[in-house]
>>> print(open('data23.csv').read())   # CSV, C-alpha atoms and all ligand atoms
chain,number,residue,atom,x,y,z
A,1,MET,CA,101.6,152.2,154.3
A,2,GLY,CA,103.2,155.5,153.4
A,3,PRO,CA,104.7,158.1,155.7
A,4,SER,CA,102.5,159.3,158.5
A,5,PHE,CA,100.5,162.5,158.2
A,6,ALA,CA,102.6,164.2,160.9
A,7,TYR,CA,105.8,163.4,159.0
A,8,LEU,CA,104.4,164.7,155.8
A,9,ALA,CA,103.2,167.9,157.5
A,10,ILE,CA,106.6,168.5,159.0
A,11,MET,CA,108.3,167.9,155.6
A,12,GLU,CA,105.8,170.3,153.9
A,13,LEU,CA,106.5,173.1,156.4
A,14,SER,CA,110.3,172.3,156.1
A,15,ILE,CA,111.1,173.3,159.7
A,16,PRO,CA,114.7,172.6,160.5
A,17,THR,CA,115.1,169.8,163.1
A,18,PRO,CA,116.9,172.0,165.7
A,19,VAL,CA,114.0,174.5,165.5
A,20,LEU,CA,111.5,171.7,165.8
A,21,ILE,CA,113.3,170.4,169.0
A,22,LEU,CA,113.3,173.9,170.5
A,23,LEU,CA,109.5,174.2,169.8
A,24,VAL,CA,108.7,170.8,171.3
A,25,LEU,CA,111.1,170.6,174.2
A,26,PRO,CA,109.4,173.2,176.5
A,27,ILE,CA,106.0,171.4,176.1
A,28,VAL,CA,107.6,168.0,177.0
A,29,LEU,CA,109.5,169.5,180.0
A,30,GLY,CA,106.3,171.3,181.2
A,31,LEU,CA,104.3,168.0,181.1
A,32,LEU,CA,107.1,166.2,183.0
A,33,ALA,CA,107.3,168.9,185.7
A,34,ARG,CA,103.5,168.9,186.2
A,35,ARG,CA,103.5,165.1,186.6
A,36,ALA,CA,106.3,165.3,189.2
A,37,SER,CA,104.6,168.0,191.3
A,38,ASN,CA,101.3,166.1,191.2
A,39,ASN,CA,103.1,163.1,192.9
A,40,HIS,CA,104.1,165.3,195.8
A,41,ARG,CA,100.8,167.0,196.3
A,42,ILE,CA,98.4,164.5,197.8
A,43,GLN,CA,95.2,165.9,199.2
A,44,THR,CA,94.6,164.3,202.6
A,45,ASP,CA,91.4,164.2,204.5
A,46,PRO,CA,91.4,166.7,207.4
A,47,GLN,CA,89.9,164.0,209.6
A,48,ARG,CA,92.9,161.7,210.3
A,49,VAL,CA,91.2,159.0,212.4
A,50,PHE,CA,87.8,157.3,212.5
A,51,THR,CA,85.4,158.4,215.2
A,52,LYS,CA,84.2,156.0,217.9
A,53,GLU,CA,80.8,156.0,216.1
A,54,GLN,CA,82.4,155.1,212.8
A,55,ARG,CA,84.3,152.2,214.4
A,56,ILE,CA,81.1,150.9,216.1
A,57,HIS,CA,79.2,151.1,212.8
A,58,GLY,CA,82.1,149.4,210.9
A,59,ALA,CA,82.3,146.6,213.4
A,60,ALA,CA,78.6,146.0,213.4
A,61,ARG,CA,78.2,145.9,209.6
A,62,SER,CA,81.0,143.3,209.4
A,63,GLY,CA,79.3,141.1,212.0
A,64,ASN,CA,81.9,142.0,214.6
A,65,ARG,CA,84.5,140.1,212.6
A,66,CYS,CA,87.8,141.0,211.0
A,67,GLU,CA,87.2,141.5,207.2
A,68,HIS,CA,90.6,140.0,206.2
A,69,LYS,CA,90.5,136.9,204.0
A,70,PRO,CA,93.5,135.4,202.4
A,71,ILE,CA,93.5,134.4,198.8
A,72,ILE,CA,93.4,130.7,199.9
A,73,GLY,CA,91.6,130.0,203.2
A,74,ARG,CA,88.9,131.3,205.4
A,75,ARG,CA,88.1,134.8,206.6
A,76,CYS,CA,89.8,135.7,209.8
A,77,THR,CA,87.7,134.8,212.9
A,78,SER,CA,89.1,137.5,215.2
A,79,PRO,CA,86.5,140.2,216.2
A,80,GLY,CA,88.5,142.9,214.7
A,81,GLY,CA,87.7,146.3,216.2
A,82,GLN,CA,90.4,148.4,214.5
A,83,GLY,CA,89.4,150.8,211.8
A,84,ASP,CA,91.5,150.6,208.6
A,85,HIS,CA,91.6,153.0,205.8
A,86,ILE,CA,91.3,150.7,202.8
A,87,TRP,CA,92.9,153.3,200.6
A,88,PRO,CA,95.6,154.7,203.0
A,89,TRP,CA,94.9,158.1,204.5
A,90,SER,CA,98.4,159.2,203.7
A,91,PHE,CA,97.7,158.6,200.0
A,92,GLY,CA,94.5,160.6,200.0
A,93,GLY,CA,92.1,158.0,201.3
A,94,ALA,CA,88.9,159.4,202.9
A,95,THR,CA,88.1,158.9,206.6
A,96,ALA,CA,84.6,157.7,205.6
A,97,MET,CA,82.6,154.5,205.9
A,98,SER,CA,83.1,154.0,202.2
A,99,ASN,CA,86.8,153.6,202.9
A,100,TYR,CA,86.5,151.7,206.2
A,101,GLN,CA,87.2,148.1,206.9
A,102,ASN,CA,87.1,146.3,210.2
A,103,LEU,CA,90.4,144.6,210.9
A,104,CYS,CA,92.0,142.8,213.8
A,105,GLY,CA,95.3,144.1,215.2
A,106,VAL,CA,97.4,141.6,213.3
A,107,HIS,CA,95.9,142.2,209.9
A,108,ASN,CA,95.8,146.0,210.5
A,109,ARG,CA,99.5,146.1,211.2
A,110,ARG,CA,100.2,143.8,208.3
A,111,LYS,CA,98.3,146.0,205.9
A,112,SER,CA,99.9,149.1,207.3
A,113,ASN,CA,99.7,151.9,204.6
A,114,HIS,CA,99.8,149.6,201.6
A,115,ARG,CA,97.7,150.7,198.7
A,116,PRO,CA,95.2,148.0,197.8
A,117,SER,CA,95.3,146.4,194.3
A,118,ARG,CA,92.1,146.4,192.2
A,119,LEU,CA,91.9,142.6,192.9
A,120,TYR,CA,92.0,143.3,196.7
A,121,VAL,CA,89.1,145.8,196.5
A,122,TRP,CA,87.1,143.7,194.1
A,123,ARG,CA,87.4,140.6,196.4
A,124,LEU,CA,86.4,142.7,199.5
A,125,GLU,CA,83.4,144.2,197.7
A,126,ARG,CA,82.3,140.7,196.5
A,127,ARG,CA,82.4,139.0,199.9
A,128,ARG,CA,80.9,142.0,201.6
A,129,ARG,CA,77.7,141.3,199.6
A,130,ARG,CA,77.4,138.1,201.6
A,131,TYR,CA,77.8,139.5,205.1
A,132,PHE,CA,76.8,143.2,205.0
A,133,PRO,CA,73.3,143.9,206.3
A,134,GLN,CA,70.7,145.1,203.8
A,135,GLY,CA,71.1,148.8,202.9
A,136,GLU,CA,74.8,148.8,203.6
A,137,ASP,CA,76.8,149.8,200.5
A,138,PRO,CA,79.7,147.3,199.9
A,139,HIS,CA,81.5,149.6,197.5
A,140,VAL,CA,84.9,151.0,198.4
A,141,GLU,CA,85.7,154.6,197.7
A,142,TRP,CA,89.3,154.7,196.5
A,143,ARG,CA,90.2,158.4,197.1
A,144,ILE,CA,88.7,161.7,198.2
A,145,GLY,CA,86.1,162.8,195.8
A,146,ARG,CA,86.3,159.7,193.7
A,147,ALA,CA,83.3,157.7,195.0
A,148,ARG,CA,82.2,154.8,192.9
A,201,ZN,ZN,92.2,139.5,211.2
>>> encode(input="data23.csv", output="structure tokens")
Amino acid sequence: MGPSFAYLAIMELSIPTPVLILLVLPIVLGLLARRASNNHRIQTDPQRVFTKEQRIHGAARSGNRCEHKPIIGRRCTSPGGQGDHIWPWSFGGATAMSNYQNLCGVHNRRKSNHRPSRLYVWRLERRRRRYFPQGEDPHVEWRIGRAR
């Protein structure tokens, strides 16, 4: 393969390297600055905690049982009763049933504000299909405005 098109184009224009750097540098710095500021600006749900109605609903749809299940072993047999944001509220998780899981105190404290992996969410959605009542959506909404 010969030299790339971009390389040939630059050679054809015969732009001196320092000038080229001066042209490209502001664009690169601008992109980096935008990325950095996005990391600090997380849009959080104005509703911080789940309502009593949401917790009752969440407990009922999970069969009044903690939804935690280790990779190896059985699902937790505790009744749960604590509402957990699957995608943490502090990272932009919605205070909605699509981001709710019923956990016991132990598993809620252990999960804390950890962001779930794709595998974690996939496993939860998969086992929910077995115990969620008909008409309940097992899908998890990852972030505000990003329902799937
Ligand atoms: Zn548990």
>>> closest_atom_pairs(input="data23.csv", of="chain A", to="ligand ZN 201 (chain A)", cutoff="8 Å", atoms="all atoms listed in the file", output="tab-separated table")
residue	atom	partner	partner_atom	distance
A:Arg65	CA	A:ZN201	ZN	7.8
A:Cys66	CA	A:ZN201	ZN	4.7
A:Glu67	CA	A:ZN201	ZN	6.7
A:His68	CA	A:ZN201	ZN	5.3
A:Lys69	CA	A:ZN201	ZN	7.8
A:Arg75	CA	A:ZN201	ZN	7.7
A:Cys76	CA	A:ZN201	ZN	4.7
A:Thr77	CA	A:ZN201	ZN	6.7
A:Ser78	CA	A:ZN201	ZN	5.4
A:Pro79	CA	A:ZN201	ZN	7.6
A:Gly80	CA	A:ZN201	ZN	6.1
A:Leu103	CA	A:ZN201	ZN	5.4
A:Cys104	CA	A:ZN201	ZN	4.2
A:Gly105	CA	A:ZN201	ZN	6.8
A:Val106	CA	A:ZN201	ZN	6.0
A:His107	CA	A:ZN201	ZN	4.8
A:Asn108	CA	A:ZN201	ZN	7.5
>>> atom_distance(input="data23.csv", atom1="atom CA of His85 of chain A", atom2="atom CA of Leu119 of chain A")
16.6 Å
>>> closest_residue(input="data23.csv", among="A:Gln82, A:Ser4, A:Arg110, A:Val24", to="Ala59 of chain A", atoms="only C-alpha atoms")
A:Gln82
>>> closest_atom_pairs(input="data23.csv", of="segment 23-114 of chain A", to="segment 136-141 of chain A", cutoff="9 Å", atoms="all atoms listed in the file", output="Markdown table")
| residue | atom | partner | partner_atom | distance |
| --- | --- | --- | --- | --- |
| A:Arg61 | CA | A:Glu136 | CA | 7.5 |
| A:Ile86 | CA | A:Val140 | CA | 7.8 |
| A:Trp87 | CA | A:Glu141 | CA | 7.9 |
| A:Gly93 | CA | A:Glu141 | CA | 8.1 |
| A:Ala94 | CA | A:Glu141 | CA | 7.8 |
| A:Ala96 | CA | A:Glu141 | CA | 8.6 |
| A:Met97 | CA | A:Val140 | CA | 8.6 |
| A:Ser98 | CA | A:Val140 | CA | 5.2 |
| A:Asn99 | CA | A:Glu141 | CA | 5.4 |
| A:Tyr100 | CA | A:Val140 | CA | 8.0 |
>>> atom_distance(input="data23.csv", atom1="atom CA of Leu31 of chain A", atom2="atom CA of His114 of chain A")
27.9 Å
>>> atom_distance(input="data23.csv", atom1="atom CA of Pro70 of chain A", atom2="atom CA of Arg55 of chain A")
22.6 Å
>>> decode(input="data23.csv", residues="segment 92-119 of chain A", atoms="N, CA and C atoms", output="compact mmCIF listing (two decimals), in the first residue's frame")
# COMPACT_ATOMS: atom_id res chain seq x y z
N GLY A 92 -26.51 9.67 37.70
CA GLY A 92 -27.54 10.02 36.73
C GLY A 92 -28.63 8.98 36.58
N GLY A 93 -28.68 8.02 37.49
CA GLY A 93 -29.72 7.01 37.42
C GLY A 93 -31.09 7.59 37.77
N ALA A 94 -32.11 7.14 37.07
CA ALA A 94 -33.46 7.66 37.29
C ALA A 94 -34.10 7.03 38.52
N THR A 95 -34.88 7.84 39.25
CA THR A 95 -35.68 7.31 40.36
C THR A 95 -37.00 6.86 39.74
N ALA A 96 -36.94 5.72 39.07
CA ALA A 96 -38.10 5.19 38.35
C ALA A 96 -38.10 3.67 38.49
N MET A 97 -39.26 3.06 38.24
CA MET A 97 -39.37 1.60 38.37
C MET A 97 -38.43 0.88 37.40
N SER A 98 -38.12 1.52 36.28
CA SER A 98 -37.21 0.91 35.30
C SER A 98 -35.77 0.85 35.81
N ASN A 99 -35.51 1.54 36.92
CA ASN A 99 -34.15 1.54 37.50
C ASN A 99 -34.20 1.05 38.94
N TYR A 100 -35.26 0.33 39.28
CA TYR A 100 -35.50 -0.11 40.66
C TYR A 100 -35.21 -1.59 40.82
N GLN A 101 -34.53 -1.93 41.90
CA GLN A 101 -34.48 -3.35 42.29
C GLN A 101 -34.66 -3.46 43.79
N ASN A 102 -35.34 -4.53 44.17
CA ASN A 102 -35.65 -4.80 45.56
C ASN A 102 -34.49 -5.56 46.18
N LEU A 103 -33.82 -4.93 47.15
CA LEU A 103 -32.67 -5.58 47.79
C LEU A 103 -32.86 -5.62 49.31
N CYS A 104 -32.20 -6.58 49.94
CA CYS A 104 -32.16 -6.62 51.40
C CYS A 104 -31.08 -5.63 51.87
N GLY A 105 -31.05 -5.36 53.14
CA GLY A 105 -30.10 -4.40 53.69
C GLY A 105 -28.65 -4.75 53.40
N VAL A 106 -28.33 -6.02 53.54
CA VAL A 106 -26.94 -6.48 53.33
C VAL A 106 -26.52 -6.20 51.88
N HIS A 107 -27.36 -6.63 50.93
CA HIS A 107 -26.98 -6.49 49.52
C HIS A 107 -27.08 -5.05 49.03
N ASN A 108 -27.97 -4.28 49.65
CA ASN A 108 -28.05 -2.86 49.28
C ASN A 108 -26.79 -2.13 49.73
N ARG A 109 -26.35 -2.41 50.95
CA ARG A 109 -25.12 -1.76 51.45
C ARG A 109 -23.91 -2.21 50.64
N ARG A 110 -23.89 -3.48 50.28
CA ARG A 110 -22.75 -4.01 49.52
C ARG A 110 -22.70 -3.38 48.13
N LYS A 111 -23.85 -3.20 47.52
CA LYS A 111 -23.86 -2.62 46.16
C LYS A 111 -23.51 -1.15 46.22
N SER A 112 -23.99 -0.45 47.26
CA SER A 112 -23.69 0.97 47.47
C SER A 112 -23.94 1.75 46.17
N ASN A 113 -23.00 2.58 45.76
CA ASN A 113 -23.23 3.35 44.52
C ASN A 113 -22.37 2.82 43.37
N HIS A 114 -22.13 1.50 43.38
CA HIS A 114 -21.37 0.92 42.28
C HIS A 114 -22.20 0.91 41.01
N ARG A 115 -21.56 1.25 39.92
CA ARG A 115 -22.25 1.20 38.64
C ARG A 115 -22.23 -0.24 38.14
N PRO A 116 -23.39 -0.74 37.73
CA PRO A 116 -23.45 -2.14 37.31
C PRO A 116 -22.76 -2.36 35.97
N SER A 117 -22.21 -3.55 35.80
CA SER A 117 -21.63 -3.92 34.51
C SER A 117 -22.77 -4.35 33.59
N ARG A 118 -22.45 -4.45 32.31
CA ARG A 118 -23.45 -4.93 31.35
C ARG A 118 -23.89 -6.35 31.69
N LEU A 119 -22.92 -7.15 32.16
CA LEU A 119 -23.23 -8.53 32.54
C LEU A 119 -24.22 -8.55 33.71
